[in-house]
Amino acid sequence: MRPIYKQERFDVAFGIGGFTFFAFCFIGCLFLLSSGIVLYYKIVTDIDEEKEQIGMLKRIGLNDKECRSYLTTHLAILFFTPLVIGVILGTIYMHAELEFSPYAGYMMGFIWMIIGVVAVLDVLLYLALRKRFFRGVKV
């Protein structure tokens with residue numbers, strides 16, 4: 001029997017958690033892709049419906065700024081729901097898996113970094129697709 005060093009214990013724990021890190025990154029990218037597809041699908045298929053809705057909103061007295069605000073909120077809810085659900089479920093799962101690990105804080109730091117990167121990419125994709133949506137609707 002030989003002593004187990006801290007670095008060796010860390011390597012074993014990180015090796016076991018490596019697959020879960022990969023899975024978490026992969027699921028995050030899938031949520032990012034799915035939210036992009038949802039918004040793009042919304043752009044392509046619902047432009048005529050949104051034009052009618054904007055016409056009705058303008059008839060009841062909303063100006064262009066209020067219509068734009070309404071559509072921005074509506075699209076944000078559709079776009080960020082998969083990200084929020086993914087973050088909640090992923091962090092609960094990873095926290096439960098790493099609960100008894102001596103390196104839980106260190107690994108959760110990596111997880112929060114991954115979440116931050118995916119969230120920034122999600123926001124950038126949302127802003128780009130929102131601009132294209134408003135060009136198609138012409139508010």
# chains A, B, ... in the order shown; residues from 1 in each chain; ligands from 1
call {"tool": "residues_around", "arguments": {"residues": "Leu129 of chain A", "least_positions_apart": "2", "cutoff": "9 Å", "atoms": "only C-alpha atoms", "output": "list in words"}}
result
Gly36, Leu39, Tyr40, Ile43, Leu124, Leu125, Tyr126, Leu127, Lys131, Arg132, Phe133 and Phe134 of chain A
call {"tool": "closest_residue", "arguments": {"among": "A:Gly86, A:Gly109, A:Pro3, A:Gly116", "to": "Phe24 of chain A", "atoms": "only C-alpha atoms"}}
result
A:Gly86
call {"tool": "closest_residue", "arguments": {"among": "A:Ile115, A:Ile54, A:Leu32, A:Ile60", "to": "Lys138 of chain A", "atoms": "only C-alpha atoms"}}
result
A:Ile54
call {"tool": "residues_around", "arguments": {"residues": "Gly18 of chain A", "least_positions_apart": "4", "cutoff": "12 Å", "atoms": "only C-alpha atoms", "output": "list in words"}}
result
Phe10, Asp11, Val12, Ala13, Phe14, Phe22, Ala23, Phe24, Cys25, Met94, Leu98, Met107, Phe110 and Ile111 of chain A
call {"tool": "residues_around", "arguments": {"residues": "Glu52 of chain A", "least_positions_apart": "6", "cutoff": "12 Å", "atoms": "only C-alpha atoms", "output": "VMD selection string"}}
result
chain A and resid 46 58 to 59 67 137 to 139
call {"tool": "closest_residue", "arguments": {"among": "A:Leu83, A:Ala96, A:Ile47, A:Leu121", "to": "Ser34 of chain A", "atoms": "only C-alpha atoms"}}
result
A:Leu83
